[in-house]
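Coordinates as given in work-v9.cif (mmCIF, C-alpha atoms):
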data_upload
#
loop_
_atom_site.group_PDB
_atom_site.id
_atom_site.type_symbol
_atom_site.label_atom_id
_atom_site.label_comp_id
_atom_site.auth_asym_id
_atom_site.auth_seq_id
_atom_site.Cartn_x
_atom_site.Cartn_y
_atom_site.Cartn_z
ATOM 1 C CA VAL D 25 87.127 18.229 94.773
ATOM 2 C CA GLN D 26 85.315 19.412 97.870
ATOM 3 C CA LEU D 27 84.410 23.091 97.818
ATOM 4 C CA GLN D 28 84.804 24.972 101.029
ATOM 5 C CA GLN D 29 82.002 27.106 102.338
ATOM 6 C CA PRO D 30 82.693 30.853 102.033
ATOM 7 C CA VAL D 31 83.966 32.324 105.220
ATOM 8 C CA GLU D 32 81.671 34.920 106.763
ATOM 9 C CA TYR D 33 83.361 37.916 108.332
ATOM 10 C CA ARG D 34 81.582 39.627 111.151
ATOM 11 C CA GLU D 35 82.537 42.865 112.757
ATOM 12 C CA GLU D 36 83.759 42.467 116.306
ATOM 13 C CA ARG D 37 81.160 43.631 118.783
ATOM 14 C CA SER D 38 81.974 45.156 122.113
ATOM 15 C CA ARG D 39 80.567 44.015 125.434
ATOM 16 C CA PHE D 40 78.590 47.242 125.717
ATOM 17 C CA GLY D 41 76.620 46.762 122.500
ATOM 18 C CA GLY D 42 77.262 47.850 118.919
ATOM 19 C CA THR D 43 80.341 47.313 116.832
ATOM 20 C CA ILE D 44 83.673 48.740 117.884
ATOM 21 C CA ALA D 45 83.787 50.794 114.663
ATOM 22 C CA ALA D 46 80.405 52.337 115.485
ATOM 23 C CA ARG D 47 81.522 53.154 119.029
ATOM 24 C CA ASN D 48 84.706 54.751 117.704
ATOM 25 C CA GLN D 49 82.686 56.820 115.269
ATOM 26 C CA ARG D 50 80.360 58.008 118.016
ATOM 27 C CA PHE D 51 83.359 58.904 120.166
ATOM 28 C CA ILE D 52 84.907 60.919 117.317
ATOM 29 C CA LEU D 53 81.640 62.769 116.731
ATOM 30 C CA LEU D 54 81.396 63.498 120.446
ATOM 31 C CA CYS D 55 84.912 64.952 120.448
ATOM 32 C CA LEU D 56 84.094 67.107 117.415
ATOM 33 C CA LEU D 57 80.866 68.427 118.928
ATOM 34 C CA PRO D 58 82.368 71.320 120.989
ATOM 35 C CA ALA D 59 84.447 72.568 118.061
ATOM 36 C CA SER D 60 81.468 72.227 115.723
ATOM 37 C CA LEU D 61 79.246 74.247 118.046
ATOM 38 C CA ALA D 62 81.912 76.936 118.373
ATOM 39 C CA LEU D 63 82.329 77.035 114.606
ATOM 40 C CA LEU D 64 78.576 77.288 114.206
ATOM 41 C CA ALA D 65 78.432 80.218 116.605
ATOM 42 C CA VAL D 66 81.365 82.051 115.020
ATOM 43 C CA ILE D 67 80.451 81.512 111.350
ATOM 44 C CA ALA D 68 76.823 80.499 110.936
ATOM 45 C CA TYR D 69 75.294 83.066 113.290
ATOM 46 C CA PRO D 70 76.954 86.108 111.639
ATOM 47 C CA LEU D 71 75.936 84.789 108.217
ATOM 48 C CA PHE D 72 72.289 84.383 109.155
ATOM 49 C CA TYR D 73 72.243 87.670 111.047
ATOM 50 C CA GLY D 74 73.821 89.452 108.097
ATOM 51 C CA PHE D 75 71.170 88.028 105.777
ATOM 52 C CA PHE D 76 68.484 89.145 108.225
ATOM 53 C CA LEU D 77 69.933 92.677 108.278
ATOM 54 C CA SER D 78 69.871 92.729 104.479
ATOM 55 C CA LEU D 79 66.076 92.392 104.658
ATOM 56 C CA THR D 80 65.729 95.475 106.871
ATOM 57 C CA ASP D 81 66.471 99.204 106.750
ATOM 58 C CA ALA D 82 68.857 98.950 109.714
ATOM 59 C CA ASN D 83 71.366 101.717 110.388
ATOM 60 C CA PRO D 84 74.001 102.064 113.135
ATOM 61 C CA LEU D 85 72.365 105.152 114.684
ATOM 62 C CA SER D 86 68.929 103.661 115.325
ATOM 63 C CA LEU D 87 67.839 100.768 117.523
ATOM 64 C CA GLU D 88 64.691 100.310 115.463
ATOM 65 C CA GLN D 89 64.673 98.551 112.127
ATOM 66 C CA GLU D 90 61.852 97.838 109.724
ATOM 67 C CA PHE D 91 61.512 94.669 107.694
ATOM 68 C CA ILE D 92 61.487 95.663 104.011
ATOM 69 C CA GLY D 93 61.930 92.282 102.323
ATOM 70 C CA PHE D 94 64.117 92.192 99.230
ATOM 71 C CA THR D 95 63.984 95.943 98.599
ATOM 72 C CA ASN D 96 67.722 96.318 99.195
ATOM 73 C CA TYR D 97 68.486 93.631 96.633
ATOM 74 C CA ARG D 98 66.218 95.345 94.113
ATOM 75 C CA ASP D 99 68.022 98.623 94.735
ATOM 76 C CA ILE D 100 71.372 96.929 94.118
ATOM 77 C CA LEU D 101 70.321 96.087 90.563
ATOM 78 C CA GLY D 102 69.999 99.794 89.795
ATOM 79 C CA ASP D 103 73.027 100.978 91.771
ATOM 80 C CA SER D 104 75.644 102.129 89.249
ATOM 81 C CA VAL D 105 78.273 102.593 91.979
ATOM 82 C CA TYR D 106 77.791 98.979 93.071
ATOM 83 C CA GLN D 107 78.138 97.763 89.496
ATOM 84 C CA ASN D 108 81.298 99.812 88.956
ATOM 85 C CA SER D 109 82.779 98.517 92.210
ATOM 86 C CA LEU D 110 81.898 94.930 91.318
ATOM 87 C CA TRP D 111 83.529 95.061 87.888
ATOM 88 C CA LEU D 112 86.513 96.907 89.318
ATOM 89 C CA THR D 113 86.924 94.155 91.919
ATOM 90 C CA ILE D 114 86.691 91.458 89.250
ATOM 91 C CA ARG D 115 89.321 93.201 87.112
ATOM 92 C CA PHE D 116 91.479 93.777 90.182
ATOM 93 C CA THR D 117 91.324 90.071 91.044
ATOM 94 C CA ALA D 118 91.917 88.874 87.474
ATOM 95 C CA VAL D 119 94.980 91.082 86.956
ATOM 96 C CA ILE D 120 96.501 89.992 90.269
ATOM 97 C CA ILE D 121 96.089 86.319 89.380
ATOM 98 C CA ALA D 122 97.396 86.859 85.835
ATOM 99 C CA ILE D 123 100.570 88.531 87.131
ATOM 100 C CA GLU D 124 101.157 86.689 90.382
ATOM 101 C CA PHE D 125 100.677 83.070 89.321
ATOM 102 C CA PRO D 126 103.297 82.984 86.515
ATOM 103 C CA LEU D 127 105.794 84.799 88.746
ATOM 104 C CA ALA D 128 105.107 82.368 91.590
ATOM 105 C CA MET D 129 105.585 79.381 89.294
ATOM 106 C CA ILE D 130 108.892 80.755 87.982
ATOM 107 C CA LEU D 131 110.158 81.440 91.507
ATOM 108 C CA ALA D 132 109.055 77.988 92.672
ATOM 109 C CA LEU D 133 110.915 76.346 89.785
ATOM 110 C CA LEU D 134 114.056 78.355 90.568
ATOM 111 C CA LEU D 135 113.918 77.656 94.310
ATOM 112 C CA ASN D 136 113.409 73.969 93.591
ATOM 113 C CA GLU D 137 116.827 73.802 91.934
ATOM 114 C CA PRO D 138 119.916 72.935 94.039
ATOM 115 C CA ILE D 139 121.324 76.471 94.130
ATOM 116 C CA ARG D 140 123.636 77.871 96.796
ATOM 117 C CA GLY D 141 121.827 79.748 99.562
ATOM 118 C CA ARG D 142 118.451 78.276 98.649
ATOM 119 C CA ALA D 143 117.305 78.140 102.275
ATOM 120 C CA ILE D 144 118.125 81.837 102.758
ATOM 121 C CA TYR D 145 116.183 82.812 99.648
ATOM 122 C CA ARG D 146 113.182 80.803 100.808
ATOM 123 C CA ALA D 147 113.245 82.474 104.212
ATOM 124 C CA MET D 148 113.557 85.972 102.734
ATOM 125 C CA LEU D 149 110.669 85.256 100.398
ATOM 126 C CA LEU D 150 108.298 84.975 103.356
ATOM 127 C CA ILE D 151 108.955 88.501 104.658
ATOM 128 C CA PRO D 152 106.180 90.211 102.637
ATOM 129 C CA TRP D 153 103.698 87.469 103.521
ATOM 130 C CA VAL D 154 104.211 87.595 107.291
ATOM 131 C CA MET D 155 104.082 91.402 107.362
ATOM 132 C CA PRO D 156 100.667 92.731 108.508
ATOM 133 C CA ASN D 157 98.634 94.292 105.700
ATOM 134 C CA VAL D 158 98.317 97.640 107.461
ATOM 135 C CA VAL D 159 102.069 97.857 108.028
ATOM 136 C CA ALA D 160 102.735 96.895 104.414
ATOM 137 C CA ALA D 161 100.299 99.549 103.188
ATOM 138 C CA ILE D 162 101.952 102.258 105.306
ATOM 139 C CA ILE D 163 105.425 101.307 104.060
ATOM 140 C CA TRP D 164 104.305 101.309 100.442
ATOM 141 C CA GLY D 165 102.551 104.616 101.026
ATOM 142 C CA TRP D 166 105.936 106.071 101.962
ATOM 143 C CA LEU D 167 107.566 104.467 98.929
ATOM 144 C CA TYR D 168 104.865 105.901 96.653
ATOM 145 C CA SER D 169 104.976 109.370 98.240
ATOM 146 C CA PRO D 170 105.176 112.176 95.634
ATOM 147 C CA ASP D 171 107.252 114.268 98.061
ATOM 148 C CA PHE D 172 109.904 111.955 99.525
ATOM 149 C CA GLY D 173 109.087 108.525 98.116
ATOM 150 C CA LEU D 174 111.995 106.207 97.407
ATOM 151 C CA LEU D 175 110.378 104.984 94.186
ATOM 152 C CA ASN D 176 110.197 108.500 92.753
ATOM 153 C CA PHE D 177 113.783 109.133 93.841
ATOM 154 C CA ALA D 178 114.998 105.971 92.102
ATOM 155 C CA LEU D 179 113.103 106.748 88.888
ATOM 156 C CA ALA D 180 114.468 110.295 88.877
ATOM 157 C CA GLU D 181 118.035 109.075 89.421
ATOM 158 C CA LEU D 182 117.613 106.702 86.474
ATOM 159 C CA ARG D 183 116.400 109.637 84.349
ATOM 160 C CA LEU D 184 113.074 107.878 83.750
ATOM 161 C CA ILE D 185 111.000 110.795 85.073
ATOM 162 C CA ASP D 186 111.558 114.552 85.218
ATOM 163 C CA THR D 187 109.178 115.336 88.091
ATOM 164 C CA TYR D 188 107.980 113.220 90.982
ATOM 165 C CA LEU D 189 104.761 111.299 90.282
ATOM 166 C CA SER D 190 101.711 110.813 92.457
ATOM 167 C CA PHE D 191 101.094 107.068 92.276
ATOM 168 C CA THR D 192 98.188 106.754 94.692
ATOM 169 C CA GLY D 193 96.760 110.224 94.050
ATOM 170 C CA ASP D 194 96.369 109.873 90.288
ATOM 171 C CA PRO D 195 93.252 108.012 89.040
ATOM 172 C CA ASN D 196 95.241 106.408 86.221
ATOM 173 C CA ARG D 197 98.067 105.170 88.451
ATOM 174 C CA ALA D 198 96.267 104.324 91.689
ATOM 175 C CA LEU D 199 94.866 100.946 90.644
ATOM 176 C CA PRO D 200 98.148 99.656 89.106
ATOM 177 C CA ALA D 201 99.958 100.841 92.244
ATOM 178 C CA VAL D 202 97.556 98.922 94.489
ATOM 179 C CA ILE D 203 97.779 95.829 92.273
ATOM 180 C CA ALA D 204 101.584 95.923 92.487
ATOM 181 C CA VAL D 205 101.458 95.958 96.289
ATOM 182 C CA SER D 206 98.878 93.158 96.346
ATOM 183 C CA VAL D 207 101.045 90.995 94.082
ATOM 184 C CA TRP D 208 104.105 91.722 96.237
ATOM 185 C CA LYS D 209 102.122 90.733 99.335
ATOM 186 C CA GLY D 210 100.604 87.522 97.974
ATOM 187 C CA LEU D 211 103.489 86.244 95.855
ATOM 188 C CA PRO D 212 105.284 84.455 98.738
ATOM 189 C CA PHE D 213 102.227 82.365 99.623
ATOM 190 C CA SER D 214 101.686 81.237 96.040
ATOM 191 C CA THR D 215 105.380 80.487 95.604
ATOM 192 C CA VAL D 216 105.706 78.423 98.782
ATOM 193 C CA VAL D 217 102.603 76.343 98.050
ATOM 194 C CA LEU D 218 103.664 75.723 94.439
ATOM 195 C CA LEU D 219 107.152 74.816 95.661
ATOM 196 C CA ALA D 220 105.640 72.216 97.977
ATOM 197 C CA GLY D 221 103.663 70.856 95.039
ATOM 198 C CA LEU D 222 106.804 70.651 92.906
ATOM 199 C CA GLN D 223 108.620 68.643 95.545
ATOM 200 C CA ALA D 224 105.717 66.199 95.716
ATOM 201 C CA VAL D 225 106.092 65.216 92.042
ATOM 202 C CA PRO D 226 108.120 61.948 91.853
ATOM 203 C CA ALA D 227 111.662 62.609 90.615
ATOM 204 C CA ASP D 228 111.815 59.310 88.704
ATOM 205 C CA LEU D 229 109.211 60.657 86.267
ATOM 206 C CA TYR D 230 111.616 63.410 85.244
ATOM 207 C CA GLU D 231 114.462 60.919 84.886
ATOM 208 C CA ALA D 232 112.346 58.701 82.656
ATOM 209 C CA ALA D 233 111.356 61.706 80.551
ATOM 210 C CA ARG D 234 115.005 62.729 80.131
ATOM 211 C CA VAL D 235 115.869 59.224 78.987
ATOM 212 C CA ASP D 236 113.070 59.464 76.419
ATOM 213 C CA GLY D 237 114.541 62.733 75.128
ATOM 214 C CA ALA D 238 111.970 65.173 76.543
ATOM 215 C CA ASN D 239 113.189 68.753 76.827
ATOM 216 C CA ALA D 240 112.549 71.085 79.768
ATOM 217 C CA TRP D 241 109.305 72.482 78.351
ATOM 218 C CA GLN D 242 107.937 69.011 77.600
ATOM 219 C CA ARG D 243 108.780 67.832 81.107
ATOM 220 C CA PHE D 244 107.045 70.879 82.573
ATOM 221 C CA ARG D 245 103.984 70.485 80.356
ATOM 222 C CA ASP D 246 103.550 66.721 80.611
ATOM 223 C CA ILE D 247 104.802 65.988 84.142
ATOM 224 C CA THR D 248 104.923 69.097 86.325
ATOM 225 C CA VAL D 249 101.574 70.650 85.443
ATOM 226 C CA PRO D 250 99.503 67.420 85.592
ATOM 227 C CA GLY D 251 101.216 66.378 88.817
ATOM 228 C CA MET D 252 100.578 69.758 90.428
ATOM 229 C CA LEU D 253 97.083 70.373 89.076
ATOM 230 C CA PRO D 254 95.270 70.046 92.450
ATOM 231 C CA ILE D 255 97.806 72.397 94.076
ATOM 232 C CA ILE D 256 97.495 74.854 91.190
ATOM 233 C CA VAL D 257 93.714 74.930 91.543
ATOM 234 C CA ILE D 258 93.979 75.514 95.298
ATOM 235 C CA VAL D 259 96.423 78.411 94.841
ATOM 236 C CA LEU D 260 94.305 80.043 92.144
ATOM 237 C CA VAL D 261 91.079 79.713 94.119
ATOM 238 C CA LEU D 262 92.518 80.943 97.418
ATOM 239 C CA ARG D 263 94.253 83.919 95.849
ATOM 240 C CA ALA D 264 91.112 84.774 93.881
ATOM 241 C CA VAL D 265 89.003 84.735 97.046
ATOM 242 C CA TRP D 266 91.516 86.749 99.056
ATOM 243 C CA SER D 267 92.000 89.299 96.271
ATOM 244 C CA PHE D 268 88.251 89.677 95.801
ATOM 245 C CA ASN D 269 87.891 90.320 99.539
ATOM 246 C CA SER D 270 90.799 92.778 99.734
ATOM 247 C CA PHE D 271 90.046 95.658 102.061
ATOM 248 C CA ASP D 272 92.632 96.757 104.621
ATOM 249 C CA LEU D 273 95.604 96.925 102.250
ATOM 250 C CA VAL D 274 93.701 99.001 99.685
ATOM 251 C CA TYR D 275 91.827 101.140 102.204
ATOM 252 C CA VAL D 276 94.959 102.182 104.103
ATOM 253 C CA LEU D 277 96.861 102.824 100.879
ATOM 254 C CA THR D 278 94.251 104.852 98.967
ATOM 255 C CA GLY D 279 90.994 104.928 100.946
ATOM 256 C CA GLY D 280 89.238 103.746 97.791
ATOM 257 C CA GLY D 281 90.232 106.858 95.872
ATOM 258 C CA PRO D 282 91.022 109.029 94.174
ATOM 259 C CA GLY D 283 87.377 109.221 93.226
ATOM 260 C CA TRP D 284 86.266 105.660 92.551
ATOM 261 C CA ALA D 285 89.589 104.572 91.066
ATOM 262 C CA THR D 286 90.276 101.927 93.733
ATOM 263 C CA GLN D 287 86.863 101.621 95.378
ATOM 264 C CA LEU D 288 86.601 97.843 95.508
ATOM 265 C CA LEU D 289 83.326 96.219 96.455
ATOM 266 C CA SER D 290 84.525 95.542 99.999
ATOM 267 C CA ILE D 291 85.332 99.232 100.466
ATOM 268 C CA TYR D 292 81.948 100.269 99.072
ATOM 269 C CA VAL D 293 80.230 97.887 101.498
ATOM 270 C CA TYR D 294 82.169 99.418 104.395
ATOM 271 C CA LEU D 295 81.464 102.997 103.354
ATOM 272 C CA THR D 296 77.774 102.287 102.778
ATOM 273 C CA SER D 297 77.332 100.530 106.104
ATOM 274 C CA PHE D 298 79.217 102.870 108.431
ATOM 275 C CA GLN D 299 79.874 106.159 106.666
ATOM 276 C CA TYR D 300 76.555 106.458 104.828
ATOM 277 C CA GLN D 301 74.705 104.799 107.755
ATOM 278 C CA GLN D 302 72.898 102.242 105.544
ATOM 279 C CA LEU D 303 73.662 99.036 107.412
ATOM 280 C CA GLY D 304 70.855 97.012 105.826
ATOM 281 C CA TYR D 305 71.873 97.984 102.303
ATOM 282 C CA GLY D 306 75.510 97.242 103.086
ATOM 283 C CA ALA D 307 74.529 93.824 104.442
ATOM 284 C CA ALA D 308 72.675 93.100 101.194
ATOM 285 C CA MET D 309 75.798 93.934 99.182
ATOM 286 C CA ALA D 310 77.860 91.704 101.477
ATOM 287 C CA VAL D 311 75.453 88.836 100.791
ATOM 288 C CA THR D 312 75.903 89.320 97.046
ATOM 289 C CA MET D 313 79.671 89.175 97.571
ATOM 290 C CA LEU D 314 79.184 85.865 99.350
ATOM 291 C CA VAL D 315 77.168 84.529 96.419
ATOM 292 C CA VAL D 316 79.854 85.575 93.928
ATOM 293 C CA LEU D 317 82.581 83.960 96.045
ATOM 294 C CA ALA D 318 80.581 80.743 96.393
ATOM 295 C CA ILE D 319 81.676 79.711 92.886
ATOM 296 C CA PRO D 320 85.456 79.554 93.512
ATOM 297 C CA VAL D 321 84.845 78.168 97.006
ATOM 298 C CA ALA D 322 82.793 75.333 95.507
ATOM 299 C CA ILE D 323 85.681 74.593 93.138
ATOM 300 C CA PHE D 324 88.096 74.626 96.072
ATOM 301 C CA VAL D 325 85.987 72.185 98.099
ATOM 302 C CA ARG D 326 85.521 69.915 95.104
ATOM 303 C CA ARG D 327 89.273 69.772 94.495
ATOM 304 C CA THR D 328 90.342 69.354 98.119
ATOM 305 C CA LEU D 329 87.797 66.951 99.598
ATOM 306 C CA PRO D 330 88.586 63.265 98.963
ATOM 307 C CA ARG D 331 86.407 61.671 96.349
ATOM 308 C CA GLU D 332 84.301 58.736 97.359
ATOM 309 C CA ALA D 333 85.063 55.465 95.657
#

Could the structure of this file be written out as structure tokens, please?
Amino acid sequence: VQLQQPVEYREERSRFGGTIAARNQRFILLCLLPASLALLAVIAYPLFYGFFLSLTDANPLSLEQEFIGFTNYRDILGDSVYQNSLWLTIRFTAVIIAIEFPLAMILALLLNEPIRGRAIYRAMLLIPWVMPNVVAAIIWGWLYSPDFGLLNFALAELRLIDTYLSFTGDPNRALPAVIAVSVWKGLPFSTVVLLAGLQAVPADLYEAARVDGANAWQRFRDITVPGMLPIIVIVLVLRAVWSFNSFDLVYVLTGGGPGWATQLLSIYVYLTSFQYQQLGYGAAMAVTMLVVLAIPVAIFVRRTLPREA
């Protein structure tokens, strides 16, 4: 038996030098260059400038600033208001995720069923999400009003309260009130993304599980959750980042009060930078926020970028 020589495959080379694949890659990089430069200017420059400000005693009222090194970061370690705001923000984020994610999963499962009017329900679900945060905060401020709020009126009509309550003016009720609005605002996004993940799970897996006698909980546990795990991670990470960075919704609704009841870290950074005129110190706190958020962002990138073989 005569053995044939192995066939050697060579990449096709163009008349202008280099392989066609290399030329295509260079062309793609050239097309991406303008967008990359714009992205660098919009994102990288503010980041580096913010870090530079954190090393100075800059304030909005003075054109002069003195380089003070890491003094602002050292002061943060002893700032009790910063620590309270940080832990409040962490609790705020954790409670939102703990409430919103199960509700979003339940709604996604319901909207995935062939029910009448499903398209209408899906469209109505998006109304809170597309509404601007400031508008949503103003509307909920009216609903929470202790004078003419619809929520107080409804509770009084149901004989659940005797006198109208101050939801955003009471330190014990302000944070739950803000969390409720944040969940209402973010629930549509989580539901829609989870619904898309549900529809991506192959239907034949459920049919095979039914044939094997698996009940609804077993199908959810063994098929739905593993099949949606990347989507679940993305939803959790994005909502955690957005909740941690919450500012406009909370600030318009309560202004960070009463007292420090809803003073999230983002609000404290804003107040320090522009109301207390300590721009350098506020920039240092913003950098620490970036460091804290780097953890979920790293998880997000790890789950979304394709893995190399």

For this structure, which residues satisfy the selection - the PyMOL selection byres ((chain D and resi 78-90) around 12) - when it is evaluated on the file as given? I want them as a VMD selection string.
chain D and resid 71 to 77 91 to 100 293 296 to 312

Output C-alpha atoms of each residue in that selection to a file, as a short mmCIF file (atom, residue, chain, number, x, y, z; two decimals), keeping the file's coordinate frame.
data_model
loop_
_atom_site.label_atom_id
_atom_site.label_comp_id
_atom_site.auth_asym_id
_atom_site.auth_seq_id
_atom_site.Cartn_x
_atom_site.Cartn_y
_atom_site.Cartn_z
CA LEU D 71 75.94 84.79 108.22
CA PHE D 72 72.29 84.38 109.16
CA TYR D 73 72.24 87.67 111.05
CA GLY D 74 73.82 89.45 108.10
CA PHE D 75 71.17 88.03 105.78
CA PHE D 76 68.48 89.14 108.22
CA LEU D 77 69.93 92.68 108.28
CA PHE D 91 61.51 94.67 107.69
CA ILE D 92 61.49 95.66 104.01
CA GLY D 93 61.93 92.28 102.32
CA PHE D 94 64.12 92.19 99.23
CA THR D 95 63.98 95.94 98.60
CA ASN D 96 67.72 96.32 99.20
CA TYR D 97 68.49 93.63 96.63
CA ARG D 98 66.22 95.34 94.11
CA ASP D 99 68.02 98.62 94.74
CA ILE D 100 71.37 96.93 94.12
CA VAL D 293 80.23 97.89 101.50
CA THR D 296 77.77 102.29 102.78
CA SER D 297 77.33 100.53 106.10
CA PHE D 298 79.22 102.87 108.43
CA GLN D 299 79.87 106.16 106.67
CA TYR D 300 76.56 106.46 104.83
CA GLN D 301 74.70 104.80 107.76
CA GLN D 302 72.90 102.24 105.54
CA LEU D 303 73.66 99.04 107.41
CA GLY D 304 70.86 97.01 105.83
CA TYR D 305 71.87 97.98 102.30
CA GLY D 306 75.51 97.24 103.09
CA ALA D 307 74.53 93.82 104.44
CA ALA D 308 72.68 93.10 101.19
CA MET D 309 75.80 93.93 99.18
CA ALA D 310 77.86 91.70 101.48
CA VAL D 311 75.45 88.84 100.79
CA THR D 312 75.90 89.32 97.05
#

Using all atoms listed in the file, the residue out of D:Leu189, D:Ile120, D:Leu167, D:Ala45 with shortest distance to Leu211 in chain D is D:Ile120

Could you work out how far CA of Ser270 in chain D lies from CA of Pro282 in chain D, giving the answer in Å with one decimal?
17.2 Å

So, with all atoms listed in the file as the atoms that count, which of D:Leu277, D:Met148, D:Ile291, D:Ala264 lies closest to Gly193 in chain D?
D:Leu277

Residue among D:Ala143, D:Leu199, D:Leu110, D:Leu101 lying closest to Leu317 in chain D, counting all atoms listed in the file
D:Leu110

Could you tell me how far CA of Ala147 in chain D sits from CA of Ala227 in chain D, in Å to one decimal place?
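So the two atoms, CA of Ala227 in chain D and CA of Ala147 in chain D, lie 24.1 Å apart.
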
Point-to-point distance in Å for CA of Val276 in chain D and CA of Val159 in chain D
9.2 Å

So, counting all atoms listed in the file, which residue among D:Ala204, D:Ala238, D:Val315, D:Ala233 is closest to Thr117 in chain D?
D:Ala204

Answer key for the PyMOL selection byres ((chain D and resi 206) around 9), residues as a count of residues only
15

Starting from the PyMOL selection byres ((chain D and resi 194) around 12), expand the selection into actual residues of this file and give them as JSON, numbers by chain.
{"D": [168, 169, 170, 189, 190, 191, 192, 193, 195, 196, 197, 198, 199, 200, 201, 202, 278, 281, 282, 283, 284, 285, 286]}

From D:Ala68, D:Val225, D:Ala322, D:Leu131, residue lying nearest Phe244 in chain D [only C-alpha atoms]:
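Selected residue with least distance to Phe244 in chain D: D:Val225.
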
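Remark: for Phe125 in chain D, the closest of the candidate residues D:Leu262, D:Leu61, D:Leu54, D:Ala178 is D:Leu262 (distances computed over only C-alpha atoms).
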